[in-house]
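A.B. asks: Just so it is clear, I am handing over entry.pdb, which has PDB, C-alpha atoms.
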ATOM      1  CA  MET L 610     -25.434-203.848-243.888
ATOM      2  CA  ARG L 611     -25.350-203.050-240.146
ATOM      3  CA  VAL L 612     -21.603-203.646-240.065
ATOM      4  CA  GLY L 613     -21.120-201.137-242.878
ATOM      5  CA  LEU L 614     -23.215-198.567-241.047
ATOM      6  CA  MET L 615     -21.260-199.179-237.837
ATOM      7  CA  MET L 616     -17.925-198.806-239.616
ATOM      8  CA  ARG L 617     -19.042-195.461-241.069
ATOM      9  CA  ALA L 618     -20.083-194.256-237.601
ATOM     10  CA  VAL L 619     -16.759-195.079-235.938
ATOM     11  CA  PRO L 620     -14.755-192.217-237.527
ATOM     12  CA  VAL L 621     -17.476-189.776-236.484
ATOM     13  CA  LEU L 622     -17.725-191.092-232.906
ATOM     14  CA  ALA L 623     -13.997-191.503-232.289
ATOM     15  CA  PRO L 624     -13.232-187.767-231.847
ATOM     16  CA  VAL L 625     -16.203-187.395-229.490
ATOM     17  CA  LEU L 626     -15.028-190.340-227.380
ATOM     18  CA  VAL L 627     -11.511-188.954-227.223
ATOM     19  CA  MET L 628     -12.813-185.577-226.027
ATOM     20  CA  VAL L 629     -14.951-187.197-223.322
ATOM     21  CA  LEU L 630     -12.274-189.598-222.107
ATOM     22  CA  ALA L 631      -9.166-187.448-222.427
ATOM     23  CA  GLY L 632     -10.391-183.920-221.796
ATOM     24  CA  CYS L 633      -8.959-182.663-218.557
ATOM     25  CA  SER L 634     -10.363-179.178-218.773
ATOM     26  CA  GLY L 635     -13.827-177.860-219.332
ATOM     27  CA  ALA L 636     -14.947-175.109-221.669
ATOM     28  CA  ASP L 637     -13.911-172.515-219.097
ATOM     29  CA  GLY L 638     -10.377-173.943-218.806
ATOM     30  CA  VAL L 639     -10.960-175.482-215.350
ATOM     31  CA  ALA L 640      -8.934-178.675-214.883
ATOM     32  CA  ARG L 641     -11.419-181.537-214.663
ATOM     33  CA  PRO L 642     -11.373-185.302-214.602
ATOM     34  CA  GLY L 643     -12.585-187.045-217.745
ATOM     35  CA  THR L 644     -15.270-188.798-215.683
ATOM     36  CA  VAL L 645     -17.016-187.420-212.601
ATOM     37  CA  ARG L 646     -19.473-189.464-210.552
ATOM     38  CA  ALA L 647     -21.454-187.182-208.241
ATOM     39  CA  GLU L 648     -23.921-188.078-205.474
ATOM     40  CA  ILE L 649     -25.987-185.814-203.262
ATOM     41  CA  SER L 650     -26.488-186.778-199.627
ATOM     42  CA  SER L 651     -28.858-189.575-198.655
ATOM     43  CA  ALA L 652     -30.997-190.345-195.594
ATOM     44  CA  ILE L 653     -28.141-192.381-194.096
ATOM     45  CA  TYR L 654     -26.397-189.088-193.300
ATOM     46  CA  ALA L 655     -29.474-187.357-191.783
ATOM     47  CA  PRO L 656     -27.917-187.249-188.279
ATOM     48  CA  ILE L 657     -25.200-184.886-189.578
ATOM     49  CA  GLU L 658     -27.254-182.700-191.924
ATOM     50  CA  GLN L 659     -26.394-179.624-189.840
ATOM     51  CA  GLN L 660     -22.882-178.589-188.852
ATOM     52  CA  ARG L 661     -24.236-177.156-185.578
ATOM     53  CA  VAL L 662     -25.121-180.748-184.516
ATOM     54  CA  ASP L 663     -21.698-182.029-185.605
ATOM     55  CA  ALA L 664     -19.644-178.990-184.655
ATOM     56  CA  ALA L 665     -16.178-180.477-184.130
ATOM     57  CA  PRO L 666     -13.800-179.171-186.791
ATOM     58  CA  LEU L 667     -12.092-181.628-189.113
ATOM     59  CA  THR L 668      -8.520-182.620-188.359
ATOM     60  CA  GLU L 669      -5.845-183.953-190.676
ATOM     61  CA  GLN L 670      -5.524-187.085-188.534
ATOM     62  CA  GLU L 671      -9.269-187.749-188.584
ATOM     63  CA  VAL L 672      -9.537-187.649-192.390
ATOM     64  CA  PHE L 673      -6.145-189.205-193.189
ATOM     65  CA  PRO L 674      -5.216-191.521-190.296
ATOM     66  CA  ALA L 675      -3.154-193.878-192.477
ATOM     67  CA  ALA L 676       0.033-193.116-194.407
ATOM     68  CA  ALA L 677      -1.413-194.794-197.508
ATOM     69  CA  LEU L 678      -4.714-195.398-199.253
ATOM     70  CA  GLY L 679      -4.469-198.587-201.269
ATOM     71  CA  VAL L 680      -1.201-198.577-203.232
ATOM     72  CA  MET L 681      -0.868-194.795-202.990
ATOM     73  CA  LYS L 682       1.231-193.210-200.259
ATOM     74  CA  ARG L 683       0.333-189.896-198.708
ATOM     75  CA  GLU L 684       2.675-187.163-199.887
ATOM     76  CA  SER L 685       1.135-184.114-198.237
ATOM     77  CA  VAL L 686      -1.903-182.939-196.281
ATOM     78  CA  THR L 687      -3.242-179.421-195.811
ATOM     79  CA  LEU L 688      -6.089-178.064-193.714
ATOM     80  CA  THR L 689      -7.372-174.547-194.307
ATOM     81  CA  ALA L 690     -10.387-172.299-193.828
ATOM     82  CA  ASP L 691      -9.813-170.945-197.354
ATOM     83  CA  CYS L 692     -12.178-173.340-199.138
ATOM     84  CA  GLY L 693     -12.252-171.143-202.232
ATOM     85  CA  ALA L 694      -8.560-171.766-202.886
ATOM     86  CA  ALA L 695      -9.290-175.485-203.282
ATOM     87  CA  VAL L 696     -11.612-174.825-206.234
ATOM     88  CA  ALA L 697     -10.645-171.304-207.368
ATOM     89  CA  ALA L 698     -14.192-170.101-206.584
ATOM     90  CA  ASP L 699     -16.336-169.069-203.629
ATOM     91  CA  VAL L 700     -17.810-171.949-201.626
ATOM     92  CA  ASP L 701     -20.889-170.828-199.697
ATOM     93  CA  GLY L 702     -21.020-172.004-196.098
ATOM     94  CA  CYS L 703     -17.653-173.766-196.117
ATOM     95  CA  THR L 704     -15.663-173.433-192.901
ATOM     96  CA  GLN L 705     -12.699-175.644-193.801
ATOM     97  CA  VAL L 706     -11.252-178.067-196.319
ATOM     98  CA  VAL L 707      -8.746-180.868-195.723
ATOM     99  CA  ARG L 708      -6.773-181.978-198.780
ATOM    100  CA  GLY L 709      -4.375-184.848-199.308
ATOM    101  CA  LEU L 710      -2.038-185.672-202.192
ATOM    102  CA  PHE L 711      -1.206-189.342-202.832
ATOM    103  CA  ARG L 712       1.162-191.079-205.250
ATOM    104  CA  GLY L 713       1.553-194.694-206.212
ATOM    105  CA  PRO L 714       2.975-196.734-209.042
ATOM    106  CA  GLU L 715       1.976-194.762-212.154
ATOM    107  CA  LEU L 716      -0.800-193.006-210.193
ATOM    108  CA  VAL L 717      -1.480-189.650-208.621
ATOM    109  CA  GLY L 718      -4.544-188.954-206.517
ATOM    110  CA  GLN L 719      -5.994-186.283-204.353
ATOM    111  CA  VAL L 720      -8.755-186.159-201.797
ATOM    112  CA  ALA L 721     -10.547-183.094-200.484
ATOM    113  CA  VAL L 722     -13.148-182.986-197.728
ATOM    114  CA  PHE L 723     -15.213-179.805-197.395
ATOM    115  CA  ASN L 724     -16.948-178.945-194.106
ATOM    116  CA  LEU L 725     -20.124-176.982-194.895
ATOM    117  CA  GLY L 726     -22.921-175.484-192.820
ATOM    118  CA  ASP L 727     -25.637-177.910-193.840
ATOM    119  CA  VAL L 728     -26.735-180.592-196.278
ATOM    120  CA  ALA L 729     -28.302-178.062-198.677
ATOM    121  CA  GLN L 730     -24.932-176.332-199.090
ATOM    122  CA  ALA L 731     -23.222-179.713-199.476
ATOM    123  CA  ASP L 732     -25.661-180.860-202.171
ATOM    124  CA  ALA L 733     -25.290-177.508-203.966
ATOM    125  CA  LEU L 734     -21.505-177.941-203.991
ATOM    126  CA  VAL L 735     -21.877-181.437-205.466
ATOM    127  CA  HIS L 736     -23.986-179.957-208.285
ATOM    128  CA  ARG L 737     -21.305-177.319-208.914
ATOM    129  CA  PHE L 738     -18.631-180.030-209.106
ATOM    130  CA  ARG L 739     -20.769-181.905-211.603
ATOM    131  CA  GLU L 740     -21.353-178.855-213.814
ATOM    132  CA  GLU L 741     -18.906-175.989-213.440
ATOM    133  CA  LEU L 742     -15.910-176.325-211.162
ATOM    134  CA  PHE L 743     -13.386-178.776-209.849
ATOM    135  CA  LEU L 744     -10.422-178.986-207.504
ATOM    136  CA  THR L 745      -7.342-176.992-208.261
ATOM    137  CA  PRO L 746      -4.829-179.779-208.951
ATOM    138  CA  LEU L 747      -2.230-180.437-206.264
ATOM    139  CA  ALA L 748      -0.115-182.148-208.922
ATOM    140  CA  SER L 749      -0.132-182.059-212.694
ATOM    141  CA  GLU L 750      -3.024-184.452-213.018
ATOM    142  CA  ARG L 751      -4.361-185.733-216.282
ATOM    143  CA  ALA L 752      -8.067-186.267-216.811
ATOM    144  CA  GLY L 753      -8.547-189.449-214.808
ATOM    145  CA  THR L 754     -11.724-190.146-212.906
ATOM    146  CA  ALA L 755     -13.338-188.690-209.805
ATOM    147  CA  MET L 756     -16.062-189.287-207.262
ATOM    148  CA  VAL L 757     -17.854-186.460-205.444
ATOM    149  CA  ARG L 758     -20.207-187.277-202.572
ATOM    150  CA  ALA L 759     -22.216-185.219-200.134
ATOM    151  CA  MET L 760     -22.513-186.908-196.757
ATOM    152  CA  GLY L 761     -24.629-184.728-194.523
ATOM    153  CA  HIS L 762     -22.834-181.381-194.266
ATOM    154  CA  PHE L 763     -19.574-182.787-195.722
ATOM    155  CA  VAL L 764     -18.501-183.153-199.349
ATOM    156  CA  ALA L 765     -15.734-185.633-200.162
ATOM    157  CA  VAL L 766     -13.926-185.481-203.501
ATOM    158  CA  SER L 767     -11.588-188.249-204.685
ATOM    159  CA  TRP L 768      -9.670-187.791-207.960
ATOM    160  CA  VAL L 769      -7.182-190.277-209.442
ATOM    161  CA  SER L 770      -5.275-190.235-212.717
ATOM    162  CA  ALA L 771      -2.352-191.941-214.384
ATOM    163  CA  GLU L 772       1.109-190.424-214.490
ATOM    164  CA  GLY L 773       3.167-190.269-217.647
ATOM    165  CA  ASP L 774       2.159-192.667-220.400
ATOM    166  CA  ALA L 775       0.728-195.264-218.025
ATOM    167  CA  LYS L 776      -2.821-196.518-218.535
ATOM    168  CA  PRO L 777      -3.689-198.356-215.317
ATOM    169  CA  ASP L 778      -7.211-199.305-214.285
ATOM    170  CA  LEU L 779      -8.336-196.411-212.076
ATOM    171  CA  ALA L 780     -11.361-198.053-210.411
ATOM    172  CA  GLU L 781      -9.515-199.676-207.506
ATOM    173  CA  PRO L 782      -7.302-196.656-206.709
ATOM    174  CA  LEU L 783     -10.385-194.396-206.771
ATOM    175  CA  ALA L 784     -12.165-196.690-204.317
ATOM    176  CA  ALA L 785      -9.053-196.646-202.106
ATOM    177  CA  LEU L 786      -9.001-192.832-202.065
ATOM    178  CA  ASP L 787     -12.667-192.791-201.081
ATOM    179  CA  GLN L 788     -11.722-194.584-197.839
ATOM    180  CA  ALA L 789     -10.755-191.157-196.502
ATOM    181  CA  SER L 790     -14.479-190.459-196.054
ATOM    182  CA  ARG L 791     -14.862-193.250-193.475
ATOM    183  CA  PHE L 792     -14.561-190.704-190.679
ATOM    184  CA  VAL L 793     -18.158-189.678-191.436
ATOM    185  CA  GLN L 794     -19.540-192.986-190.141
ATOM    186  CA  ALA L 795     -17.579-192.556-186.915
ATOM    187  CA  ARG L 796     -19.087-189.101-186.455
ATOM    188  CA  ILE L 797     -22.614-190.426-186.962
ATOM    189  CA  LEU L 798     -22.059-193.203-184.425
ATOM    190  CA  ALA L 799     -20.637-190.725-181.906
ATOM    191  CA  LEU L 800     -23.846-188.639-181.846
TER     192      LEU L 800
END
Please go through the file and, once you have read it, give me the structure as structure tokens.

C.D. replies:
Amino acid sequence: MRVGLMMRAVPVLAPVLVMVLAGCSGADGVARPGTVRAEISSAIYAPIEQQRVDAAPLTEQEVFPAAALGVMKRESVTLTADCGAAVAADVDGCTQVVRGLFRGPELVGQVAVFNLGDVAQADALVHRFREELFLTPLASERAGTAMVRAMGHFVAVSWVSAEGDAKPDLAEPLAALDQASRFVQARILAL
């Protein structure tokens, strides 16, 4: 009897699952990953809660010192004060964003690091990523999966997806992209 009930539920659930897993744009048409994991800042990053304490601007070399992250090779890097262009919306308190585009076998990924005034602005941006906005794609990315983390006054966004008809496991490439945020630990130790 339970099997019969389960079999009847599958046709109803299947379209919902497809929308959740494959949808790469939200109701407002914003390109979005199918899965977004978002974390506000934690006590570990308390030493850099304020940009005035950690005032050095980001550099391309600091965020992306290596030519590759995991199996993906860096294709391009940009650094700009126009944070709004990275998300097609205003970003309160943002002074700069560094973005990198990476490609690997059947994969495309991008990383963005936002430099904000304080942890409250960083946490607010994480909430916006979770609910309403996302990065403007640097490449024609499919849904994929993303991680958004506030770390003191910084927000790091890693987004990876498959290219073409490929269906690779995205967990390891996403973790590799997140290595770009390692510079934060160096900044904390330097204080």

A.B. asks: The PyMOL selection byres ((chain L and resi 671-678) around 9) on the file shown: which residues, as an mmCIF file with C-alpha atoms, in the coordinates of the input?

C.D. replies:
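And here's expr_13.cif as it stands now:
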data_model
loop_
_atom_site.group_PDB
_atom_site.id
_atom_site.type_symbol
_atom_site.label_atom_id
_atom_site.label_comp_id
_atom_site.auth_asym_id
_atom_site.auth_seq_id
_atom_site.Cartn_x
_atom_site.Cartn_y
_atom_site.Cartn_z
ATOM 1 C CA LEU L 667 -12.092 -181.628 -189.113
ATOM 2 C CA THR L 668 -8.520 -182.620 -188.359
ATOM 3 C CA GLU L 669 -5.845 -183.953 -190.676
ATOM 4 C CA GLN L 670 -5.524 -187.085 -188.534
ATOM 5 C CA GLY L 679 -4.469 -198.587 -201.269
ATOM 6 C CA VAL L 680 -1.201 -198.577 -203.232
ATOM 7 C CA MET L 681 -0.868 -194.795 -202.990
ATOM 8 C CA LYS L 682 1.231 -193.210 -200.259
ATOM 9 C CA ARG L 683 0.333 -189.896 -198.708
ATOM 10 C CA GLU L 684 2.675 -187.163 -199.887
ATOM 11 C CA VAL L 686 -1.903 -182.939 -196.281
ATOM 12 C CA VAL L 707 -8.746 -180.868 -195.723
ATOM 13 C CA ARG L 708 -6.773 -181.978 -198.780
ATOM 14 C CA GLY L 709 -4.375 -184.848 -199.308
ATOM 15 C CA PHE L 711 -1.206 -189.342 -202.832
ATOM 16 C CA ARG L 712 1.162 -191.079 -205.250
ATOM 17 C CA VAL L 722 -13.148 -182.986 -197.728
ATOM 18 C CA PRO L 782 -7.302 -196.656 -206.709
ATOM 19 C CA ALA L 785 -9.053 -196.646 -202.106
ATOM 20 C CA LEU L 786 -9.001 -192.832 -202.065
ATOM 21 C CA ASP L 787 -12.667 -192.791 -201.081
ATOM 22 C CA GLN L 788 -11.722 -194.584 -197.839
ATOM 23 C CA ALA L 789 -10.755 -191.157 -196.502
ATOM 24 C CA SER L 790 -14.479 -190.459 -196.054
ATOM 25 C CA ARG L 791 -14.862 -193.250 -193.475
ATOM 26 C CA PHE L 792 -14.561 -190.704 -190.679
ATOM 27 C CA VAL L 793 -18.158 -189.678 -191.436
#

A.B. asks: Up to 12 Å from (-14.1, -175.0, -191.8) in the file's coordinates: name the residues, counting all atoms listed in the file, as a list in words.

C.D. replies: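 Collected hits near the coordinates: Gln660, Ala664, Ala665, Pro666, Leu667, Thr668, Leu688, Thr689, Ala690, Asp691, Cys692, Gly693, Val700, Asp701, Gly702, Cys703, Thr704, Gln705, Val706, Val707, Val722, Phe723, Asn724, Leu725, Gly726, His762, Phe763 and Val764 of chain L.
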
A.B. asks: With the file shown as input, list the residues that the PyMOL selection byres ((chain L and resi 798-800) around 8) selects, as a list in words.

C.D. replies: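 Expected selection for the PyMOL selection byres ((chain L and resi 798-800) around 8) here is Pro656, Asp663, Gln794, Ala795, Arg796 and Ile797 of chain L.
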
A.B. asks: Determine the nearest neighbour of Ala784 of chain L from the options L:Ala759, L:Ile653, L:Val720, L:Leu710, counting all atoms listed in the file.

C.D. replies: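 Result for the nearest residue to Ala784 of chain L: L:Val720.
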
A.B. asks: What separation in Å, quoted to one decimal, exists between atom CA of Ser770 of chain L and atom CA of His736 of chain L?

C.D. replies: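 Here the two named atoms are 21.8 Å from each other.
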
A.B. asks: Between L:Ala780, L:Val696, L:Ala775, L:Ala755, which residue has the minimum interatomic distance to Pro642 of chain L, considering all atoms listed in the file?

C.D. replies: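 Answer, going by the shortest atom-to-atom distance: L:Ala755.
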
A.B. asks: Take atom CA of Gln719 of chain L and atom CA of Ile657 of chain L and report the distance between them in Å, one decimal.

C.D. replies: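 Rounded to one decimal, the two atoms are 24.3 Å apart.
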
A.B. asks: I'd like the interatomic distance between atom CA of Val735 of chain L and atom CA of Leu747 of chain L, to a tenth of an Å.

C.D. replies: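 Between atom CA of Val735 of chain L and atom CA of Leu747 of chain L the gap works out to 19.7 Å.
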
A.B. asks: Rank nothing, just name the residue among L:Ala729, L:Ala771, L:Leu716, L:Ala655 nearest to Ala752 of chain L, using all atoms listed in the file.

C.D. replies: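 Using all atoms listed in the file, the shortest distance to Ala752 of chain L belongs to L:Ala771.
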
A.B. asks: Which of these, L:Leu783, L:Gly773, L:Val757, L:Ala694, has the shortest distance to Glu740 of chain L once you count all atoms listed in the file?

C.D. replies: L:Val757
